[in-house]
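J.: my_file33.cif is the file, holding mmCIF, C-alpha atoms:
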data_query
loop_
_atom_site.group_PDB
_atom_site.id
_atom_site.type_symbol
_atom_site.label_atom_id
_atom_site.label_comp_id
_atom_site.auth_asym_id
_atom_site.auth_seq_id
_atom_site.Cartn_x
_atom_site.Cartn_y
_atom_site.Cartn_z
ATOM 1 C CA MET N 1 10.284 20.124 10.949
ATOM 2 C CA THR N 2 9.515 20.479 7.225
ATOM 3 C CA ASP N 3 12.993 19.269 6.297
ATOM 4 C CA GLN N 4 12.489 16.272 8.573
ATOM 5 C CA ILE N 5 9.153 15.490 6.887
ATOM 6 C CA LYS N 6 10.672 15.845 3.417
ATOM 7 C CA GLU N 7 13.519 13.527 4.362
ATOM 8 C CA THR N 8 11.025 10.956 5.639
ATOM 9 C CA ILE N 9 8.965 11.173 2.430
ATOM 10 C CA TYR N 10 12.126 10.713 0.367
ATOM 11 C CA GLN N 11 13.222 7.682 2.389
ATOM 12 C CA VAL N 12 9.811 5.993 2.253
ATOM 13 C CA THR N 13 9.301 6.668 -1.471
ATOM 14 C CA GLU N 14 12.770 5.468 -2.442
ATOM 15 C CA ASP N 15 12.311 2.299 -0.416
ATOM 16 C CA VAL N 16 8.813 1.549 -1.742
ATOM 17 C CA LEU N 17 9.786 2.211 -5.372
ATOM 18 C CA GLU N 18 12.737 -0.119 -5.054
ATOM 19 C CA ARG N 19 10.906 -2.935 -3.284
ATOM 20 C CA LEU N 20 7.524 -2.710 -5.011
ATOM 21 C CA ALA N 21 8.475 -1.643 -8.545
ATOM 22 C CA PHE N 22 12.180 -2.588 -8.632
ATOM 23 C CA MET N 23 13.030 0.956 -9.750
ATOM 24 C CA PHE N 24 15.724 3.246 -8.394
ATOM 25 C CA SER N 25 14.991 6.910 -7.856
ATOM 26 C CA PHE N 26 17.208 9.922 -7.317
ATOM 27 C CA ARG N 27 16.428 13.111 -5.454
ATOM 28 C CA GLU N 28 16.083 16.273 -7.519
ATOM 29 C CA GLU N 29 15.743 18.932 -4.850
ATOM 30 C CA GLU N 30 16.763 21.772 -7.177
ATOM 31 C CA ARG N 31 14.280 20.937 -9.919
ATOM 32 C CA GLY N 32 11.037 22.894 -10.169
ATOM 33 C CA ASP N 33 7.632 21.225 -10.188
ATOM 34 C CA MET N 34 7.092 18.880 -13.122
ATOM 35 C CA ASN N 35 4.401 19.702 -15.676
ATOM 36 C CA TYR N 36 1.441 18.201 -13.835
ATOM 37 C CA SER N 37 -0.921 18.533 -16.804
ATOM 38 C CA ASP N 38 1.183 15.935 -18.677
ATOM 39 C CA ALA N 39 1.547 13.612 -15.687
ATOM 40 C CA MET N 40 -0.551 10.753 -14.395
ATOM 41 C CA ILE N 41 -1.548 11.731 -10.865
ATOM 42 C CA ALA N 42 -2.827 9.599 -8.020
ATOM 43 C CA SER N 43 -4.165 11.009 -4.777
ATOM 44 C CA VAL N 44 -5.103 9.607 -1.403
ATOM 45 C CA THR N 45 -6.757 11.218 1.617
ATOM 46 C CA PHE N 46 -6.244 10.042 5.186
ATOM 47 C CA GLY N 47 -7.363 10.717 8.722
ATOM 48 C CA GLY N 48 -6.134 9.722 12.155
ATOM 49 C CA ASP N 49 -3.717 11.586 14.398
ATOM 50 C CA PHE N 50 -3.942 14.293 11.737
ATOM 51 C CA GLU N 51 -5.757 14.584 8.398
ATOM 52 C CA GLY N 52 -4.450 15.338 4.960
ATOM 53 C CA ARG N 53 -3.910 14.397 1.367
ATOM 54 C CA LEU N 54 -0.972 13.063 -0.624
ATOM 55 C CA PHE N 55 -0.498 13.409 -4.400
ATOM 56 C CA LEU N 56 1.874 11.334 -6.500
ATOM 57 C CA ALA N 57 2.572 12.681 -9.995
ATOM 58 C CA VAL N 58 4.557 10.560 -12.431
ATOM 59 C CA SER N 59 5.612 11.383 -15.990
ATOM 60 C CA PRO N 60 3.933 9.062 -18.493
ATOM 61 C CA ASP N 61 7.209 7.720 -19.970
ATOM 62 C CA ILE N 62 7.959 5.575 -16.947
ATOM 63 C CA LEU N 63 4.453 4.207 -16.372
ATOM 64 C CA PRO N 64 4.745 1.144 -18.657
ATOM 65 C CA GLU N 65 7.882 -0.060 -16.853
ATOM 66 C CA LEU N 66 6.497 0.826 -13.441
ATOM 67 C CA ALA N 67 3.273 -1.122 -14.024
ATOM 68 C CA GLY N 68 5.047 -3.988 -15.800
ATOM 69 C CA ASN N 69 7.488 -4.413 -12.925
ATOM 70 C CA MET N 70 4.775 -4.308 -10.296
ATOM 71 C CA LEU N 71 2.618 -6.820 -12.143
ATOM 72 C CA GLY N 72 5.527 -9.000 -13.190
ATOM 73 C CA ILE N 73 4.561 -8.981 -16.866
ATOM 74 C CA ASP N 74 6.731 -8.264 -19.913
ATOM 75 C CA GLU N 75 4.021 -7.388 -22.400
ATOM 76 C CA GLU N 76 2.609 -3.880 -22.862
ATOM 77 C CA THR N 77 0.467 -2.767 -19.942
ATOM 78 C CA THR N 78 -2.923 -1.127 -20.471
ATOM 79 C CA GLN N 79 -3.795 2.320 -19.164
ATOM 80 C CA ASP N 80 -6.095 0.696 -16.596
ATOM 81 C CA GLN N 81 -3.211 -1.429 -15.323
ATOM 82 C CA GLN N 82 -0.948 1.624 -15.174
ATOM 83 C CA GLN N 83 -3.558 3.554 -13.208
ATOM 84 C CA ASP N 84 -4.087 0.629 -10.818
ATOM 85 C CA ALA N 85 -0.334 0.341 -10.332
ATOM 86 C CA LEU N 86 0.000 4.047 -9.542
ATOM 87 C CA LYS N 87 -2.911 3.867 -7.094
ATOM 88 C CA GLU N 88 -1.337 0.912 -5.314
ATOM 89 C CA LEU N 89 2.010 2.680 -5.239
ATOM 90 C CA ILE N 90 0.622 5.780 -3.501
ATOM 91 C CA ASN N 91 -1.392 3.560 -1.160
ATOM 92 C CA VAL N 92 1.759 1.766 -0.011
ATOM 93 C CA ILE N 93 3.788 4.984 0.213
ATOM 94 C CA CYS N 94 1.091 6.660 2.322
ATOM 95 C CA GLY N 95 0.609 3.571 4.517
ATOM 96 C CA ASN N 96 4.321 3.465 5.272
ATOM 97 C CA LEU N 97 4.720 7.218 5.621
ATOM 98 C CA LEU N 98 2.080 7.995 8.248
ATOM 99 C CA PRO N 99 3.456 5.747 11.035
ATOM 100 C CA ARG N 100 6.883 7.244 10.389
ATOM 101 C CA LEU N 101 5.431 10.707 10.949
ATOM 102 C CA SER N 102 3.050 9.976 13.776
ATOM 103 C CA GLY N 103 4.408 6.973 15.650
ATOM 104 C CA LYS N 104 3.509 3.309 15.297
ATOM 105 C CA ARG N 105 0.697 3.239 17.854
ATOM 106 C CA ILE N 106 -1.707 5.419 15.850
ATOM 107 C CA ILE N 107 -4.206 3.807 13.476
ATOM 108 C CA PHE N 108 -4.803 5.910 10.352
ATOM 109 C CA ASN N 109 -7.700 5.480 7.977
ATOM 110 C CA VAL N 110 -6.270 5.681 4.465
ATOM 111 C CA ASN N 111 -9.070 6.093 1.929
ATOM 112 C CA ALA N 112 -9.144 4.456 -1.484
ATOM 113 C CA PRO N 113 -6.651 6.086 -3.890
ATOM 114 C CA GLN N 114 -7.996 7.964 -6.897
ATOM 115 C CA ILE N 115 -6.588 9.033 -10.258
ATOM 116 C CA VAL N 116 -7.068 12.796 -10.482
ATOM 117 C CA SER N 117 -6.312 15.722 -12.791
ATOM 118 C CA SER N 118 -3.716 18.414 -12.162
ATOM 119 C CA ASP N 119 -6.591 20.781 -11.282
ATOM 120 C CA GLU N 120 -6.969 18.914 -7.995
ATOM 121 C CA ILE N 121 -3.447 19.837 -6.953
ATOM 122 C CA GLU N 122 -4.100 23.476 -7.792
ATOM 123 C CA ALA N 123 -7.398 23.418 -5.896
ATOM 124 C CA GLU N 124 -5.663 21.934 -2.870
ATOM 125 C CA LYS N 125 -2.975 24.630 -3.045
ATOM 126 C CA GLN N 126 -5.697 27.286 -2.971
ATOM 127 C CA GLU N 127 -6.852 25.846 0.361
ATOM 128 C CA ARG N 128 -3.403 25.812 2.004
ATOM 129 C CA PRO N 129 0.224 25.464 0.950
ATOM 130 C CA PRO N 130 1.656 21.947 0.829
ATOM 131 C CA LEU N 131 3.563 20.889 3.918
ATOM 132 C CA ALA N 132 6.220 19.275 1.744
ATOM 133 C CA VAL N 133 7.000 18.742 -1.936
ATOM 134 C CA THR N 134 9.575 16.136 -2.893
ATOM 135 C CA ARG N 135 10.973 15.664 -6.388
ATOM 136 C CA LEU N 136 12.598 12.539 -7.748
ATOM 137 C CA SER N 137 13.849 11.258 -11.063
ATOM 138 C CA ILE N 138 13.125 7.678 -12.084
ATOM 139 C CA GLU N 139 14.876 6.411 -15.204
ATOM 140 C CA GLU N 140 14.241 9.177 -17.773
ATOM 141 C CA GLY N 141 11.103 10.430 -16.045
ATOM 142 C CA ALA N 142 10.101 12.493 -13.059
ATOM 143 C CA CYS N 143 8.063 11.875 -9.939
ATOM 144 C CA ASP N 144 6.730 14.478 -7.505
ATOM 145 C CA LEU N 145 5.017 13.940 -4.164
ATOM 146 C CA ILE N 146 2.936 16.783 -2.774
ATOM 147 C CA PHE N 147 1.919 16.387 0.865
ATOM 148 C CA PHE N 148 -0.882 18.448 2.430
ATOM 149 C CA THR N 149 -2.066 18.297 6.029
ATOM 150 C CA ASP N 150 -4.890 20.025 7.875
ATOM 151 C CA GLY N 151 -3.003 21.594 10.736
ATOM 152 C CA GLU N 152 0.349 20.566 12.084
ATOM 153 C CA ILE N 153 1.692 17.090 12.695
ATOM 154 C CA PRO N 154 1.928 16.415 16.443
ATOM 155 C CA PRO N 155 5.653 16.446 17.205
ATOM 156 C CA ASP N 156 5.621 13.401 19.539
ATOM 157 C CA GLY N 157 5.319 10.857 16.724
ATOM 158 C CA MET N 158 8.237 12.256 14.737
ATOM 159 C CA ALA N 159 10.431 12.088 17.821
ATOM 160 C CA GLU N 160 9.356 8.493 18.446
ATOM 161 C CA SER N 161 10.040 7.465 14.841
ATOM 162 C CA ASP N 162 13.419 9.197 14.844
ATOM 163 C CA GLY N 163 14.559 6.987 17.648
ATOM 164 C CA GLU N 164 14.116 3.809 15.602
ATOM 165 C CA MET C 1 -2.438 -25.403 -0.964
ATOM 166 C CA ASP C 2 -5.598 -23.655 -2.233
ATOM 167 C CA ILE C 3 -5.667 -19.914 -1.597
ATOM 168 C CA LEU C 4 -8.222 -17.127 -1.517
ATOM 169 C CA ILE C 5 -6.791 -13.631 -2.158
ATOM 170 C CA VAL C 6 -9.030 -10.778 -0.997
ATOM 171 C CA ASP C 7 -7.945 -7.289 -2.095
ATOM 172 C CA ASP C 8 -9.774 -4.484 -3.871
ATOM 173 C CA SER C 9 -6.702 -3.780 -6.020
ATOM 174 C CA ALA C 10 -6.328 -6.065 -9.043
ATOM 175 C CA VAL C 11 -2.668 -5.051 -9.211
ATOM 176 C CA MET C 12 -2.083 -6.118 -5.636
ATOM 177 C CA ARG C 13 -3.884 -9.447 -6.160
ATOM 178 C CA ALA C 14 -1.580 -10.075 -9.132
ATOM 179 C CA MET C 15 1.474 -9.072 -7.092
ATOM 180 C CA VAL C 16 0.492 -11.316 -4.205
ATOM 181 C CA LEU C 17 -0.051 -14.245 -6.559
ATOM 182 C CA LYS C 18 3.270 -13.590 -8.328
ATOM 183 C CA SER C 19 5.035 -13.519 -4.967
ATOM 184 C CA PHE C 20 3.334 -16.732 -3.845
ATOM 185 C CA ARG C 21 4.507 -18.488 -7.000
ATOM 186 C CA MET C 22 8.065 -17.270 -6.234
ATOM 187 C CA THR C 23 8.049 -18.759 -2.728
ATOM 188 C CA GLY C 24 8.551 -22.309 -3.944
ATOM 189 C CA LEU C 25 5.506 -23.440 -1.961
ATOM 190 C CA GLU C 26 3.070 -25.729 -3.723
ATOM 191 C CA ILE C 27 0.161 -23.588 -4.891
ATOM 192 C CA GLY C 28 -3.109 -25.247 -5.955
ATOM 193 C CA ASP C 29 -6.316 -23.437 -6.874
ATOM 194 C CA VAL C 30 -6.317 -19.682 -6.409
ATOM 195 C CA PHE C 31 -9.563 -17.765 -5.904
ATOM 196 C CA GLU C 32 -9.932 -13.993 -5.807
ATOM 197 C CA ALA C 33 -12.333 -11.507 -4.237
ATOM 198 C CA GLU C 34 -12.488 -7.705 -4.218
ATOM 199 C CA ASN C 35 -13.766 -7.235 -0.660
ATOM 200 C CA GLY C 36 -14.647 -9.094 2.526
ATOM 201 C CA GLN C 37 -18.212 -9.793 1.494
ATOM 202 C CA GLN C 38 -17.110 -11.402 -1.773
ATOM 203 C CA GLY C 39 -14.427 -13.247 0.161
ATOM 204 C CA LEU C 40 -16.952 -14.839 2.521
ATOM 205 C CA ALA C 41 -19.130 -15.790 -0.463
ATOM 206 C CA GLN C 42 -16.129 -17.424 -2.148
ATOM 207 C CA LEU C 43 -15.343 -19.378 1.017
ATOM 208 C CA SER C 44 -18.854 -20.811 1.194
ATOM 209 C CA SER C 45 -18.447 -22.367 -2.250
ATOM 210 C CA HIS C 46 -14.663 -22.898 -2.363
ATOM 211 C CA PRO C 47 -13.070 -24.042 0.904
ATOM 212 C CA VAL C 48 -9.369 -23.117 0.889
ATOM 213 C CA ASP C 49 -6.263 -23.810 2.958
ATOM 214 C CA LEU C 50 -5.253 -20.166 3.376
ATOM 215 C CA VAL C 51 -6.911 -16.759 3.129
ATOM 216 C CA VAL C 52 -4.777 -13.747 2.195
ATOM 217 C CA ALA C 53 -6.563 -10.455 2.844
ATOM 218 C CA ASP C 54 -6.106 -6.699 2.763
ATOM 219 C CA ILE C 55 -7.603 -4.517 5.516
ATOM 220 C CA ASN C 56 -8.878 -1.373 3.807
ATOM 221 C CA MET C 57 -11.506 -2.450 1.282
ATOM 222 C CA PRO C 58 -14.910 -1.082 0.278
ATOM 223 C CA VAL C 59 -18.189 -2.847 1.187
ATOM 224 C CA MET C 60 -16.606 -5.009 3.911
ATOM 225 C CA ASP C 61 -13.092 -4.490 5.240
ATOM 226 C CA GLY C 62 -10.622 -7.193 6.172
ATOM 227 C CA VAL C 63 -11.103 -6.896 9.942
ATOM 228 C CA GLU C 64 -14.851 -7.518 9.654
ATOM 229 C CA MET C 65 -14.295 -10.431 7.268
ATOM 230 C CA ILE C 66 -11.874 -12.044 9.735
ATOM 231 C CA ARG C 67 -14.312 -11.472 12.599
ATOM 232 C CA ARG C 68 -17.047 -13.296 10.667
ATOM 233 C CA MET C 69 -14.695 -16.085 9.605
ATOM 234 C CA LYS C 70 -13.710 -16.714 13.211
ATOM 235 C CA ALA C 71 -17.358 -16.721 14.292
ATOM 236 C CA ALA C 72 -18.366 -19.430 11.798
ATOM 237 C CA ASP C 73 -17.488 -23.091 12.456
ATOM 238 C CA GLU C 74 -16.793 -23.771 8.762
ATOM 239 C CA THR C 75 -14.150 -21.036 8.447
ATOM 240 C CA ALA C 76 -12.845 -20.498 12.002
ATOM 241 C CA SER C 77 -9.781 -22.702 11.575
ATOM 242 C CA ILE C 78 -8.625 -21.432 8.175
ATOM 243 C CA PRO C 79 -5.252 -19.673 8.560
ATOM 244 C CA ILE C 80 -5.365 -15.992 7.634
ATOM 245 C CA LEU C 81 -2.525 -13.827 6.393
ATOM 246 C CA VAL C 82 -3.205 -10.091 6.252
ATOM 247 C CA ILE C 83 -1.070 -8.151 3.767
ATOM 248 C CA SER C 84 -1.697 -4.445 4.170
ATOM 249 C CA THR C 85 -0.137 -1.018 3.932
ATOM 250 C CA GLU C 86 -1.080 -0.344 7.558
ATOM 251 C CA GLY C 87 1.950 0.234 9.733
ATOM 252 C CA SER C 88 0.268 0.679 13.110
ATOM 253 C CA GLU C 89 1.445 -1.698 15.818
ATOM 254 C CA THR C 90 -1.974 -1.293 17.428
ATOM 255 C CA ARG C 91 -3.548 -2.801 14.308
ATOM 256 C CA TRP C 92 -0.979 -5.631 14.179
ATOM 257 C CA GLU C 93 -1.803 -6.531 17.783
ATOM 258 C CA GLN C 94 -5.528 -6.445 17.044
ATOM 259 C CA LEU C 95 -5.062 -8.862 14.137
ATOM 260 C CA GLU C 96 -2.852 -11.146 16.176
ATOM 261 C CA GLU C 97 -5.516 -11.320 18.876
ATOM 262 C CA MET C 98 -8.013 -12.255 16.159
ATOM 263 C CA GLY C 99 -5.761 -15.112 15.067
ATOM 264 C CA ALA C 100 -4.339 -13.614 11.867
ATOM 265 C CA ALA C 101 -0.719 -13.161 10.809
ATOM 266 C CA PHE C 102 0.369 -9.826 9.373
ATOM 267 C CA ILE C 103 2.806 -8.613 6.705
ATOM 268 C CA GLN C 104 3.172 -4.953 5.800
ATOM 269 C CA LYS C 105 3.439 -3.888 2.141
ATOM 270 C CA PRO C 106 5.854 -3.787 0.418
ATOM 271 C CA PHE C 107 6.696 -7.430 1.000
ATOM 272 C CA SER C 108 9.115 -10.021 -0.347
ATOM 273 C CA PRO C 109 8.424 -13.635 -1.401
ATOM 274 C CA GLU C 110 10.804 -14.739 1.369
ATOM 275 C CA LYS C 111 8.773 -12.913 3.997
ATOM 276 C CA ILE C 112 5.582 -14.515 2.665
ATOM 277 C CA ARG C 113 7.133 -17.986 2.643
ATOM 278 C CA ASP C 114 8.471 -17.683 6.187
ATOM 279 C CA THR C 115 5.175 -16.357 7.535
ATOM 280 C CA ILE C 116 3.091 -19.017 5.791
ATOM 281 C CA GLN C 117 5.331 -21.795 7.053
ATOM 282 C CA LYS C 118 4.920 -20.378 10.530
ATOM 283 C CA ILE C 119 1.124 -20.133 10.462
ATOM 284 C CA MET C 120 0.586 -23.439 8.625
ATOM 285 C CA GLY C 121 2.859 -25.110 11.148
ATOM 286 C CA ARG C 122 0.875 -23.498 13.951
ATOM 287 C CA LYS C 123 -2.317 -24.944 12.431
ATOM 288 C CA SER C 124 -0.985 -28.509 12.272
#
Turn the structure described in the file into structure tokens.

T.:
Amino acid sequence: MTDQIKETIYQVTEDVLERLAFMFSFREEERGDMNYSDAMIASVTFGGDFEGRLFLAVSPDILPELAGNMLGIDEETTQDQQQDALKELINVICGNLLPRLSGKRIIFNVNAPQIVSSDEIEAEKQERPPLAVTRLSIEEGACDLIFFTDGEIPPDGMAESDGE
Amino acid sequence: MDILIVDDSAVMRAMVLKSFRMTGLEIGDVFEAENGQQGLAQLSSHPVDLVVADINMPVMDGVEMIRRMKAADETASIPILVISTEGSETRWEQLEEMGAAFIQKPFSPEKIRDTIQKIMGRKS
């Protein structure tokens, strides 16, 4: 089940990065966690068929290109623009991920994304272990997604999504 | 075609506008709002040909804004395109019943162009 969830997170993230930010990513399953204290981190909580929280950590080197591509501007992006871009990115990833995990009939409430510190990831880990951690490289930088849920994902939705 | 873009994300408003300009459709005045309440206020002073809205927004969400638009004579016939991260078919059906078209993020300029042509054609 966890492998299936990780695969789904990889597929959704790769697709969203390519279509929203025009950036290609590559899986780095063997790599350890990136240094979250150096990263810019966005987080989003959600509720519906199940509840949980998703973190997206991105190394700062790739943020200017990521934000510039999303906004369609060539000039230097501000930190506010980079934060907004990262928040929108996690919002779209989460919005596309949940129906893939739970089936397309369920309405999820995805709350407004926030920029958070690495302490939030640690605090969340104290509560329960992440259900899945996926690691990607983008250009010369890194990108981790850490997915927490309260309880298990009902298996029916995964089966339904698999059939598509 | 004058447009109102309603989304709490400045990045997404910029992306939507960039995509609209890439469609090849003739774009006139563009107005922006951060939530449904601001969107309705904009509409009262700036009538537009198309409203593009997100669903999940603070203060007033997109569904409530559409409900109020449809209930008011001045705004009931304005075509509405919802662009949202939501992937639930239940939500899509709800919006369709309310008279709005729906595109899920991420989106392409081609998808926007095709959907607009469809809903503007439906209006005429």

J.: Report as a Markdown table the residues of chain C within 12 Å of chain N, each with its shortest atom pair and distance in Å (one decimal), using all atoms listed in the file, ordered by chain and increasing residue number.

T.:
| residue | atom | partner | partner_atom | distance |
| --- | --- | --- | --- | --- |
| C:Asp7 | CA | N:Glu88 | CA | 11.0 |
| C:Asp8 | CA | N:Ala112 | CA | 9.3 |
| C:Ser9 | CA | N:Asp84 | CA | 7.0 |
| C:Ala10 | CA | N:Asp84 | CA | 7.3 |
| C:Val11 | CA | N:Ala85 | CA | 6.0 |
| C:Met12 | CA | N:Glu88 | CA | 7.1 |
| C:Arg13 | CA | N:Leu71 | CA | 9.2 |
| C:Ala14 | CA | N:Leu71 | CA | 6.1 |
| C:Met15 | CA | N:Leu71 | CA | 5.6 |
| C:Val16 | CA | N:Leu71 | CA | 9.4 |
| C:Leu17 | CA | N:Leu71 | CA | 9.7 |
| C:Lys18 | CA | N:Gly72 | CA | 7.1 |
| C:Ser19 | CA | N:Gly72 | CA | 9.4 |
| C:Arg21 | CA | N:Gly72 | CA | 11.4 |
| C:Met22 | CA | N:Gly72 | CA | 11.1 |
| C:Asp54 | CA | N:Val92 | CA | 11.9 |
| C:Ile55 | CA | N:Asn109 | CA | 10.3 |
| C:Asn56 | CA | N:Val110 | CA | 7.5 |
| C:Met57 | CA | N:Ala112 | CA | 7.8 |
| C:Pro58 | CA | N:Ala112 | CA | 8.2 |
| C:Val59 | CA | N:Ala112 | CA | 11.9 |
| C:Asp61 | CA | N:Asn109 | CA | 11.7 |
| C:Ile83 | CA | N:Val92 | CA | 11.0 |
| C:Ser84 | CA | N:Val92 | CA | 8.2 |
| C:Thr85 | CA | N:Gly95 | CA | 4.7 |
| C:Glu86 | CA | N:Gly95 | CA | 5.2 |
| C:Gly87 | CA | N:Pro99 | CA | 5.9 |
| C:Ser88 | CA | N:Lys104 | CA | 4.7 |
| C:Glu89 | CA | N:Arg105 | CA | 5.4 |
| C:Thr90 | CA | N:Arg105 | CA | 5.3 |
| C:Arg91 | CA | N:Ile107 | CA | 6.7 |
| C:Trp92 | CA | N:Arg105 | CA | 9.7 |
| C:Glu93 | CA | N:Arg105 | CA | 10.1 |
| C:Gln94 | CA | N:Ile107 | CA | 10.9 |
| C:Gln104 | CA | N:Asn96 | CA | 8.5 |
| C:Lys105 | CA | N:Val92 | CA | 6.3 |
| C:Pro106 | CA | N:Leu20 | CA | 5.8 |
| C:Phe107 | CA | N:Arg19 | CA | 7.5 |
| C:Ser108 | CA | N:Arg19 | CA | 7.9 |
| C:Pro109 | CA | N:Arg19 | CA | 11.1 |

J.: Check what the PyMOL selection byres ((chain N and resi 59) around 6) selects in the file above and give those residues as a list in words.

T.: Ala39, Val58, Pro60, Asp61, Gly141 and Ala142 of chain N

J.: Using all atoms listed in the file, pick whichever of C:Leu4, C:Ile66, C:Thr115, C:Glu110 has the shortest atom-to-atom distance to Glu97 of chain C.

T.: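 Result for the nearest residue to Glu97 of chain C: C:Ile66.
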
J.: Taking all atoms of segment 58-73 of chain N that the file lists and extending 3 Å past them on each side, where is the centre of the axis-aligned box and how long are its edges? Answer in Å to one decimal, as AutoDock Vina command-line options.

T.:
--center_x 5.3 --center_y 1.2 --center_z -15.1 --size_x 11.3 --size_y 26.4 --size_z 15.7

J.: Taking the file above as input, evaluate the PyMOL selection byres ((chain C and resi 119) around 9) and report the hits as a list in words.

T.: Pro79, Ile80, Leu81, Ala100, Ala101, Asp114, Thr115, Ile116, Gln117, Lys118, Met120, Gly121, Arg122, Lys123 and Ser124 of chain C

J.: Provide the atom CA of Glu51 of chain N to atom CA of Glu152 of chain N distance in Å, to one decimal place.

T.: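 Taking atom CA of Glu51 of chain N and atom CA of Glu152 of chain N, their separation equals 9.3 Å.
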
J.: So the first atom is atom CA of Ser137 of chain N and the second is atom CA of Ala42 of chain N; what is the distance between them in Å, to one decimal place?

T.: 17.0 Å

J.: Neighbourhood query: residues within 12 Å of (-5.0, 21.2, -11.3), file coordinates, counting all atoms listed in the file; return as a PyMOL selection string.

T.: chain N and resi 35-41+55+57+116-126

J.: Using all atoms listed in the file, list the residues that have an atom at most 12 Å from (-17.8, -13.6, -6.3), coordinates as in the file, as a list of chain:residue names.

T.: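 Protein and nucleic acid residues near the point are C:Leu4, C:Ile5, C:Val6, C:Phe31, C:Glu32, C:Ala33, C:Glu34, C:Asn35, C:Gly36, C:Gln37, C:Gln38, C:Gly39, C:Leu40, C:Ala41, C:Gln42, C:Leu43, C:Ser44, C:Ser45, C:His46.
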
J.: Which residue is closest to Ile153 of chain N? Choose from N:Glu14, N:Glu29, N:Glu139, N:Asp49 and count all atoms listed in the file.

T.: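 Answer, going by the shortest atom-to-atom distance: N:Asp49.
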
J.: Mind giving me the straight-line distance from atom CA of Pro113 of chain N to atom CA of Asp150 of chain N in Å, one decimal?

T.: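 Between atom CA of Pro113 of chain N and atom CA of Asp150 of chain N the gap works out to 18.3 Å.
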
J.: Under the rule that only C-alpha atoms are counted, which of N:Ala132, N:Ile115, N:Leu101, N:Val44 is the nearest residue to Asp3 of chain N?

T.: N:Ala132
